[in-house]
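**Student:** So here's data.txt (compact mmCIF, C-alpha atoms).
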# COMPACT_ATOMS: atom_id res chain seq x y z
CA MET A 1 -70.79 -48.60 35.55
CA THR A 2 -71.27 -49.65 39.25
CA THR A 3 -74.27 -47.34 39.65
CA ALA A 4 -75.95 -48.80 36.59
CA ARG A 5 -75.45 -52.34 37.84
CA LYS A 6 -76.94 -51.49 41.24
CA THR A 7 -79.94 -49.82 39.64
CA THR A 8 -80.60 -52.88 37.53
CA THR A 9 -80.40 -55.20 40.54
CA VAL A 10 -82.85 -53.10 42.59
CA PHE A 11 -85.27 -52.95 39.64
CA LEU A 12 -85.23 -56.72 39.19
CA THR A 13 -85.68 -57.28 42.94
CA ILE A 14 -88.72 -55.04 43.09
CA LEU A 15 -90.19 -56.71 39.99
CA CYS A 16 -89.76 -60.18 41.53
CA ALA A 17 -91.32 -59.03 44.79
CA LEU A 18 -94.37 -57.73 42.99
CA LEU A 19 -94.80 -60.94 41.05
CA LEU A 20 -94.49 -63.09 44.20
CA THR A 21 -96.93 -60.83 46.05
CA ILE A 22 -99.54 -61.21 43.37
CA LEU A 23 -98.99 -64.96 43.29
CA GLY A 24 -99.23 -65.23 47.09
CA LEU A 25 -102.43 -63.27 47.29
CA THR A 26 -103.97 -65.36 44.57
CA GLU A 27 -102.97 -68.69 46.20
CA ARG A 28 -103.52 -67.41 49.78
CA TRP A 29 -100.11 -68.48 51.09
CA PRO A 30 -99.59 -68.87 54.87
CA ALA A 31 -97.63 -66.35 56.92
CA TRP A 32 -94.39 -68.31 57.18
CA ILE A 33 -94.06 -68.40 53.37
CA TRP A 34 -94.32 -64.61 53.22
CA ALA A 35 -91.55 -64.29 55.81
CA THR A 36 -89.28 -66.69 53.89
CA LEU A 37 -89.80 -64.87 50.58
CA ALA A 38 -89.02 -61.51 52.12
CA ALA A 39 -85.73 -62.82 53.49
CA LEU A 40 -84.77 -64.33 50.13
CA LEU A 41 -85.54 -61.08 48.31
CA VAL A 42 -83.06 -59.27 50.52
CA VAL A 43 -80.29 -61.89 50.67
CA VAL A 44 -80.24 -63.25 47.09
CA PRO A 45 -79.66 -59.93 45.20
CA ALA A 46 -76.94 -58.86 47.63
CA ALA A 47 -75.15 -62.19 47.28
CA ALA A 48 -75.43 -62.11 43.46
CA MET A 49 -73.89 -58.63 43.29
CA LYS A 50 -71.03 -59.65 45.54
CA ILE A 51 -70.23 -62.78 43.49
CA ALA A 52 -70.37 -60.88 40.17
CA ALA A 53 -68.04 -58.18 41.47
CA ALA A 54 -65.56 -60.80 42.68
CA ARG A 55 -65.48 -62.52 39.25
CA ARG A 56 -65.15 -59.40 37.08
CA GLY A 57 -62.52 -57.66 39.12
CA PRO A 58 -62.22 -53.90 39.46
CA VAL A 59 -63.95 -51.86 36.76
CA PRO A 60 -61.64 -49.31 35.02
CA VAL A 61 -62.57 -45.81 35.87
CA VAL A 62 -61.21 -44.04 32.71
CA PHE A 63 -62.20 -45.03 29.14
CA GLU A 64 -60.43 -43.77 26.06
CA GLU A 65 -62.75 -41.98 23.68
CA GLN A 66 -63.07 -43.59 20.25
CA LEU A 67 -62.31 -40.87 17.73
CA THR A 68 -63.11 -41.05 13.96
CA ALA A 69 -60.36 -40.55 11.38
CA PRO A 70 -59.82 -36.93 10.45
CA PRO A 71 -61.10 -35.98 6.94
CA VAL A 72 -58.58 -36.00 4.14
CA GLU A 73 -57.69 -32.48 3.08
CA ARG A 74 -57.46 -32.04 -0.68
CA THR A 75 -56.20 -29.02 -2.55
CA ASP A 76 -55.88 -28.17 -6.23
CA CYS A 77 -54.08 -25.93 -8.71
CA GLN A 78 -54.37 -25.03 -12.40
CA VAL A 79 -51.95 -26.19 -15.11
CA SER A 80 -52.43 -24.25 -18.37
CA GLN A 81 -50.94 -24.28 -21.87
CA VAL A 82 -48.16 -26.80 -21.21
CA ALA A 83 -46.45 -28.23 -24.32
CA LEU A 84 -46.28 -32.02 -24.35
CA PRO A 85 -44.41 -33.91 -27.12
CA SER A 86 -46.23 -36.08 -29.63
CA LEU A 87 -45.04 -38.95 -31.81
CA TRP A 88 -44.07 -36.45 -34.55
CA GLU A 89 -41.18 -34.13 -33.99
CA ASP A 90 -42.03 -30.40 -33.69
CA TYR A 91 -45.76 -31.13 -33.32
CA ASP A 92 -46.51 -30.62 -29.61
CA PHE A 93 -49.81 -31.00 -27.79
CA VAL A 94 -51.05 -28.13 -25.60
CA PHE A 95 -52.18 -29.51 -22.21
CA SER A 96 -54.37 -27.85 -19.56
CA ALA A 97 -56.04 -29.36 -16.47
CA THR A 98 -57.01 -28.91 -12.83
CA VAL A 99 -54.54 -30.84 -10.62
CA ARG A 100 -55.83 -32.16 -7.29
CA TRP A 101 -53.78 -33.81 -4.55
CA TYR A 102 -53.70 -34.77 -0.88
CA LEU A 103 -50.71 -35.25 1.43
CA VAL A 104 -49.83 -38.68 2.77
CA GLU A 105 -48.56 -38.72 6.36
CA SER A 106 -45.00 -40.00 6.39
CA PRO A 107 -43.38 -39.86 9.86
CA GLY A 108 -39.65 -39.47 9.82
CA ARG A 109 -39.58 -37.73 6.44
CA ALA A 110 -39.00 -34.11 5.61
CA PRO A 111 -42.18 -32.08 5.03
CA VAL A 112 -43.26 -31.26 1.48
CA LEU A 113 -42.25 -27.68 0.78
CA ASN A 114 -44.27 -27.18 -2.43
CA PRO A 115 -46.99 -29.83 -2.82
CA ALA A 116 -48.55 -28.02 -5.78
CA GLY A 117 -45.36 -28.25 -7.83
CA LEU A 118 -44.84 -31.88 -6.88
CA ALA A 119 -48.43 -32.77 -7.82
CA ALA A 120 -48.21 -30.92 -11.15
CA GLU A 121 -44.96 -32.71 -11.99
CA THR A 122 -46.56 -36.08 -11.23
CA VAL A 123 -49.55 -35.37 -13.50
CA LEU A 124 -47.42 -33.99 -16.35
CA ASN A 125 -45.07 -36.99 -16.28
CA ARG A 126 -48.02 -39.37 -16.55
CA ALA A 127 -49.55 -37.32 -19.38
CA ARG A 128 -46.26 -37.09 -21.29
CA ALA A 129 -45.75 -40.86 -21.12
CA LEU A 130 -48.97 -41.20 -23.15
CA THR A 131 -48.80 -38.25 -25.56
CA GLU A 132 -45.30 -39.01 -26.85
CA LYS A 133 -46.71 -42.27 -28.26
CA ARG A 134 -49.65 -40.67 -30.08
CA GLU A 135 -49.86 -38.90 -33.45
CA PRO A 136 -50.74 -35.19 -33.35
CA GLY A 137 -53.73 -35.64 -35.64
CA LEU A 138 -55.52 -37.61 -32.87
CA ALA A 139 -55.66 -34.80 -30.31
CA SER A 140 -59.36 -35.21 -29.50
CA LEU A 141 -58.99 -38.96 -28.95
CA VAL A 142 -55.86 -38.56 -26.81
CA GLN A 143 -57.70 -35.98 -24.68
CA HIS A 144 -60.26 -38.61 -23.65
CA GLU A 145 -57.49 -41.13 -23.02
CA LEU A 146 -55.78 -38.68 -20.69
CA GLY A 147 -59.09 -37.96 -18.96
CA GLY A 148 -59.37 -41.63 -18.03
CA LEU A 149 -55.70 -42.08 -17.17
CA LEU A 150 -55.49 -39.04 -14.86
CA SER A 151 -58.88 -39.54 -13.20
CA ARG A 152 -57.40 -41.78 -10.47
CA MET A 153 -55.16 -40.76 -7.58
CA PHE A 154 -51.57 -41.80 -8.16
CA PRO A 155 -48.58 -41.48 -5.79
CA ASP A 156 -45.64 -39.30 -6.73
CA THR A 157 -42.06 -40.57 -6.84
CA THR A 158 -41.37 -39.53 -3.21
CA GLY A 159 -44.54 -41.07 -1.81
CA GLN A 160 -45.44 -37.88 0.07
CA LEU A 161 -48.67 -37.18 -1.82
CA GLN A 162 -51.14 -38.57 -4.36
CA ALA A 163 -52.34 -36.55 -7.32
CA MET A 164 -54.93 -36.65 -10.11
CA ALA A 165 -56.29 -34.28 -12.79
CA GLU A 166 -59.73 -33.02 -13.82
CA ASN A 167 -61.06 -30.89 -16.69
CA VAL A 168 -58.35 -32.18 -19.01
CA SER A 169 -57.92 -30.25 -22.28
CA LEU A 170 -55.55 -31.30 -25.09
CA THR A 171 -55.28 -29.36 -28.36
CA LEU A 172 -52.82 -28.42 -31.09
CA ARG A 173 -51.51 -25.00 -31.97
CA PRO A 174 -53.57 -23.44 -34.80
CA GLN A 175 -50.54 -23.34 -37.12
CA ASP A 176 -49.82 -27.04 -36.57
CA GLN A 177 -53.46 -27.97 -37.10
CA GLU A 178 -53.48 -26.04 -40.39
CA ARG A 179 -50.32 -27.85 -41.55
CA LEU A 180 -51.83 -31.21 -40.69
CA ASP A 181 -54.98 -30.36 -42.64
CA ARG A 182 -52.89 -29.43 -45.69
CA LEU A 183 -50.83 -32.61 -45.42
CA ALA A 184 -54.00 -34.68 -45.21
CA LYS A 185 -55.40 -32.97 -48.31
CA VAL A 186 -52.16 -33.58 -50.23
CA ARG A 187 -52.16 -37.27 -49.25
CA LYS A 188 -55.75 -37.66 -50.41
CA ASP A 189 -55.08 -35.85 -53.70
CA LYS A 190 -51.99 -38.00 -54.25
CA ALA A 191 -54.00 -41.17 -53.69
CA VAL A 192 -56.62 -40.03 -56.21
CA TRP A 193 -53.93 -39.06 -58.73
CA GLU A 194 -52.18 -42.43 -58.35
CA HIS A 195 -55.46 -44.24 -58.96
CA GLN A 196 -56.10 -42.11 -62.05
CA ARG A 197 -52.59 -42.73 -63.32
CA THR A 198 -52.97 -46.47 -62.78
CA TYR A 199 -56.28 -46.37 -64.63
CA GLU A 200 -54.75 -44.47 -67.55
CA GLN A 201 -51.76 -46.82 -67.71
CA SER A 202 -54.07 -49.82 -67.68
CA LYS A 203 -56.21 -48.26 -70.38
CA ARG A 204 -53.19 -47.46 -72.58
CA GLN A 205 -51.83 -50.95 -72.08
CA TYR A 206 -55.18 -52.40 -73.02
CA LEU A 207 -55.42 -50.28 -76.16
CA GLY A 208 -51.80 -50.71 -77.22
CA GLU A 209 -51.25 -54.38 -76.42
CA ASP A 210 -54.70 -55.77 -77.02
CA VAL A 211 -57.10 -53.59 -79.01
CA LEU A 212 -54.61 -51.96 -81.41
CA LYS A 213 -52.13 -54.80 -81.53
CA ASP A 214 -53.09 -55.39 -85.15
CA THR A 215 -55.93 -54.63 -87.52
CA GLY A 216 -57.72 -57.88 -86.77
CA SER A 217 -57.83 -57.16 -83.01
CA ALA A 218 -59.09 -53.64 -83.71
CA VAL A 219 -61.85 -55.00 -85.96
CA VAL A 220 -62.98 -57.52 -83.33
CA TRP A 221 -62.98 -54.79 -80.65
CA TRP A 222 -64.95 -52.42 -82.90
CA LEU A 223 -67.41 -55.18 -83.81
CA ALA A 224 -67.99 -55.91 -80.11
CA LYS A 225 -68.72 -52.22 -79.58
CA ASN A 226 -71.16 -52.18 -82.54
CA ASP A 227 -72.50 -55.71 -82.54
CA GLU A 228 -75.80 -54.56 -84.00
CA HIS A 229 -74.20 -52.57 -86.84
CA VAL A 230 -72.03 -54.96 -88.82
CA GLU A 231 -72.21 -52.74 -91.89
CA LYS A 232 -70.73 -49.88 -89.91
CA THR A 233 -67.81 -52.08 -88.83
CA VAL A 234 -67.15 -53.08 -92.44
CA ALA A 235 -67.31 -49.45 -93.54
CA ASP A 236 -64.76 -48.50 -90.86
CA LEU A 237 -62.16 -51.12 -91.85
CA GLY A 238 -59.99 -48.50 -93.51
CA LEU A 239 -60.21 -46.25 -90.48
CA LEU A 240 -59.27 -49.09 -88.16
CA ALA A 241 -56.34 -50.04 -90.39
CA GLN A 242 -54.99 -46.48 -90.27
CA LEU A 243 -55.52 -46.31 -86.51
CA THR A 244 -53.65 -49.57 -85.92
CA SER A 245 -50.84 -48.50 -88.25
CA ALA A 246 -50.41 -45.17 -86.45
CA ALA A 247 -50.49 -46.78 -82.99
CA ASN A 248 -47.79 -49.34 -83.89
CA ASP A 249 -45.77 -47.03 -86.18
CA SER A 250 -46.03 -49.53 -89.00
CA GLU A 251 -47.20 -49.54 -92.60
CA ILE A 252 -50.73 -50.47 -93.62
CA PRO A 253 -50.83 -53.96 -95.17
CA GLU A 254 -51.25 -53.98 -98.94
CA ARG A 255 -54.44 -56.04 -98.71
CA LEU A 256 -56.07 -53.22 -96.74
CA GLN A 257 -54.77 -50.23 -98.71
CA GLU A 258 -57.60 -50.48 -101.19
CA LEU A 259 -60.02 -49.79 -98.33
CA LEU A 260 -58.49 -46.37 -97.75
CA SER A 261 -60.39 -43.41 -99.10
CA PRO A 262 -58.40 -40.36 -100.12
CA PRO A 263 -58.90 -37.45 -97.69
CA GLN A 264 -60.97 -34.50 -98.80
CA TYR A 265 -59.31 -31.07 -98.65
CA ASP A 266 -61.12 -27.75 -98.76
CA GLU A 267 -58.08 -26.07 -100.30
CA PRO A 268 -55.84 -27.34 -103.07
CA VAL A 269 -52.70 -29.03 -101.86
CA PRO A 270 -49.32 -29.05 -103.57
CA SER A 271 -48.85 -31.67 -106.23
CA ASP A 272 -45.90 -33.18 -104.31
CA ALA A 273 -47.80 -33.53 -101.04
CA PHE A 274 -48.38 -37.22 -101.62
CA ALA A 275 -45.39 -37.89 -103.84
CA GLY A 276 -44.24 -41.45 -103.92
CA SER A 277 -46.03 -44.66 -103.14
CA PRO A 278 -48.05 -45.12 -99.93
CA GLU A 279 -45.20 -47.17 -98.47
CA HIS A 280 -43.06 -44.00 -98.19
CA ARG A 281 -45.61 -41.97 -96.25
CA SER A 282 -44.83 -41.26 -92.58
CA ALA A 283 -46.91 -42.15 -89.52
CA ALA A 284 -47.87 -38.48 -89.20
CA ASP A 285 -49.32 -38.61 -92.75
CA HIS A 286 -51.38 -41.65 -91.85
CA LEU A 287 -52.55 -39.99 -88.64
CA SER A 288 -53.55 -36.89 -90.59
CA ASP A 289 -55.61 -39.07 -92.93
CA LEU A 290 -57.22 -40.66 -89.90
CA PHE A 291 -58.19 -37.29 -88.45
CA GLU A 292 -59.63 -36.16 -91.77
CA SER A 293 -61.67 -39.30 -92.13
CA MET A 294 -62.97 -38.82 -88.59
CA GLY A 295 -64.11 -35.32 -89.47
CA PHE A 296 -61.53 -33.41 -87.39
CA PRO A 297 -60.42 -30.35 -89.40
CA GLU A 298 -57.08 -28.61 -88.95
CA GLU A 299 -58.36 -26.10 -86.35
CA ASP A 300 -60.05 -28.79 -84.21
CA PRO A 301 -58.28 -28.99 -80.81
CA ARG A 302 -59.09 -32.67 -80.60
CA ARG A 303 -56.42 -33.37 -83.18
CA ALA A 304 -53.68 -32.22 -80.79
CA MET A 305 -55.17 -34.16 -77.88
CA LEU A 306 -55.45 -37.41 -79.81
CA ALA A 307 -52.02 -36.89 -81.37
CA ALA A 308 -50.48 -36.57 -77.90
CA GLN A 309 -52.08 -39.84 -76.83
CA PHE A 310 -50.91 -41.61 -79.97
CA ALA A 311 -47.41 -40.23 -79.44
CA HIS A 312 -47.38 -41.69 -75.95
CA LEU A 313 -48.40 -45.11 -77.30
CA ILE A 314 -45.72 -44.87 -79.96
CA LYS A 315 -43.06 -44.06 -77.35
CA GLU A 316 -44.01 -47.21 -75.45
CA GLN A 317 -43.05 -49.09 -78.63
CA ASN A 318 -39.58 -47.43 -78.48
CA ARG A 319 -40.32 -45.31 -81.59
CA TYR A 320 -39.21 -42.01 -80.14
CA GLU A 321 -38.42 -40.25 -83.43
CA THR A 322 -41.83 -41.06 -84.85
CA ALA A 323 -43.49 -39.85 -81.66
CA GLU A 324 -41.58 -36.57 -81.82
CA GLU A 325 -42.61 -36.13 -85.45
CA VAL A 326 -46.28 -36.62 -84.55
CA LEU A 327 -46.00 -34.10 -81.70
CA ARG A 328 -44.25 -31.51 -83.87
CA ARG A 329 -46.89 -31.78 -86.57
CA PHE A 330 -50.08 -31.91 -84.48
CA ALA A 331 -49.16 -30.67 -80.99
CA PRO A 332 -46.29 -28.19 -81.36
CA PRO A 333 -45.04 -26.48 -78.16
CA GLU A 334 -46.63 -23.14 -77.38
CA PRO A 335 -44.43 -20.08 -78.06
CA GLU A 336 -42.84 -18.52 -75.01
CA ASP A 337 -44.27 -15.25 -73.77
CA ASP A 338 -41.61 -12.53 -74.25
CA ALA A 339 -43.27 -10.26 -71.72
CA ALA A 340 -43.07 -13.00 -69.12
Can I see the file as structure tokens?
**Tutor:**
Amino acid sequence: MTTARKTTTVFLTILCALLLTILGLTERWPAWIWATLAALLVVVPAAAMKIAAARRGPVPVVFEEQLTAPPVERTDCQVSQVALPSLWEDYDFVFSATVRWYLVESPGRAPVLNPAGLAAETVLNRARALTEKREPGLASLVQHELGGLLSRMFPDTTGQLQAMAENVSLTLRPQDQERLDRLAKVRKDKAVWEHQRTYEQSKRQYLGEDVLKDTGSAVVWWLAKNDEHVEKTVADLGLLAQLTSAANDSEIPERLQELLSPPQYDEPVPSDAFAGSPEHRSAADHLSDLFESMGFPEEDPRRAMLAAQFAHLIKEQNRYETAEEVLRRFAPPEPEDDAA
């Protein structure tokens, strides 16, 4: 430092001497001025150096070297196929990742014997705190959540290192995924079935309590369906009367009995088949007349289907015996298979 200061002083002195020499030659100074300037150029720099040294004091000889901080050393390890609990019991996630960590200097503490195990434990505890609150069916979404959660360095419980995770993978076992797919399919099928059942119940309620409540309601409903064919509605009055009577398990009013047309049979029937007055005929007899008038012969499978629906409507009216009679006559149970 002293050598540099001296060099600077000599350089400035020489520079000033050159400038004064040029100025003196240009102005043609006398000889005594040249002598005075020479003396000042020797005395002034020496005095300035002496005064500066006295003010600053002794210059330290040794300087400590400024060193940069050493680079942080990071290491990593692999964690593969670790089971982590989910929100549902017995449905575990399968976790894999690359765990990275670096040691934190902690004077006065015992050294870390197994930093890899401590870092893996830290990462798994953080991952478990999230997965045990998530449903197993959301594995792909939870994987991205873990990727964000574990992407930052986090200190362990002892404070001796900080750890994070990369390349996070979260899946389900194939058997559990298959079970979840089946459960989802069953839930969807159940929802569809419940909607269909609600629709059928609403339709039966509409037919039983509104359309087929009595013959007049049935006629109005049929006329609304065939508003351009009034003659057809009038021609079907007998059919509607029989339909209403069968649905409500009641007798056809006398004022409408004359509208009934006797059913046509291809084969002769016994003379006592219609013995007695119409008031003594059963609901099954009326329903049979209805099927015949609709053009459904004995072998037509639609008879059994419609009879089952009418039986259900009759049961809703608390006429269980009549409903059983209709089922026995038109939709008898199938015989059991002896071989089975």
**Student:** From the list A:Thr36, A:Gln317, A:Gln160, A:Ser140, which residue is nearest Leu172 in chain A when using only C-alpha atoms?
**Tutor:**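 When distances to Leu172 in chain A are compared using only C-alpha atoms, the smallest one comes from A:Ser140.
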**Student:** Calculate how many Å separate CA of Arg197 in chain A from CA of Arg302 in chain A, rounding to one decimal.
**Tutor:**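 The value is 21.0 Å.
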**Student:** Using all atoms listed in the file, which of A:Val220, A:Leu290, A:Ala38, A:Val211 sits nearest Leu239 in chain A?
**Tutor:**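 Among the listed residues, A:Leu290 lies closest to Leu239 in chain A.
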**Student:** Between CA of Val99 in chain A and CA of Ala120 in chain A, what is the spacing in Å?
**Tutor:**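 A separation of 6.4 Å between them.
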**Student:** My list of candidates is A:Ala119, A:Ala139, A:Ala331, A:Val219. Which is closest to Thr75 in chain A when distances are computed with only C-alpha atoms?
**Tutor:**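 Looking only at the distances to Thr75 in chain A, the closest residue turns out to be A:Ala119.
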**Student:** By how many Å are CA of Val168 in chain A and CA of Leu146 in chain A apart?
**Tutor:** 7.2 Å
**Student:** Hey, which of A:Met305, A:Leu287, A:Cys77, A:Ala129 ends up closest to Met164 in chain A? Count all atoms listed in the file.
**Tutor:**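 Answer, going by the shortest atom-to-atom distance: A:Cys77.
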**Student:** Pick from A:Ala246, A:Ile314, A:Leu118, A:Leu87: nearest to Asp285 in chain A, with all atoms listed in the file counted?
**Tutor:**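 Of the candidates, the smallest distance to Asp285 in chain A is held by A:Ala246.
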**Student:** Which of these residues is nearest to Ala163 in chain A, using only C-alpha atoms: A:Thr215, A:Ser151, A:Ser86, A:Thr322?
**Tutor:** A:Ser151
**Student:** Contacts of Ser96 in chain A at 7 Å or less, counting only C-alpha atoms, minus same-chain residues fewer than 5 places along, as an mmCIF file with C-alpha atoms, keeping the file's coordinate frame?
**Tutor:**
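Heads up, here's the output in out_2.cif:
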data_model
loop_
_atom_site.group_PDB
_atom_site.id
_atom_site.type_symbol
_atom_site.label_atom_id
_atom_site.label_comp_id
_atom_site.auth_asym_id
_atom_site.auth_seq_id
_atom_site.Cartn_x
_atom_site.Cartn_y
_atom_site.Cartn_z
ATOM 1 C CA VAL A 79 -51.950 -26.190 -15.110
ATOM 2 C CA SER A 80 -52.430 -24.250 -18.370
ATOM 3 C CA GLN A 81 -50.940 -24.280 -21.870
ATOM 4 C CA VAL A 82 -48.160 -26.800 -21.210
ATOM 5 C CA VAL A 168 -58.350 -32.180 -19.010
ATOM 6 C CA SER A 169 -57.920 -30.250 -22.280
ATOM 7 C CA LEU A 170 -55.550 -31.300 -25.090
#
**Student:** Please determine the residues with any atom at most 8 Å from (-47.6, -36.8, -1.8) (coordinates as given in the file, with all atoms listed in the file counting) and report them as a count of residues only.
**Tutor:** 16
**Student:** Around all the atoms of range 310-318 of chain A listed in the file, with 8 Å of room on each side, what axis-aligned box do you get, giving centre and edge lengths in Å to one decimal, as lines of an AutoDock Vina configuration file?
**Tutor:**
center_x = -45.2
center_y = -44.7
center_z = -77.7
size_x = 27.3
size_y = 24.9
size_z = 20.5
**Student:** With 8 Å as the threshold, what does the neighbourhood of (-48.9, -32.0, -19.6) contain in terms of residues, counting all atoms listed in the file? Coordinates are those of the file; answer as a ChimeraX atom specification.
**Tutor:** /A:79,82-84,94-96,123-125,127-128
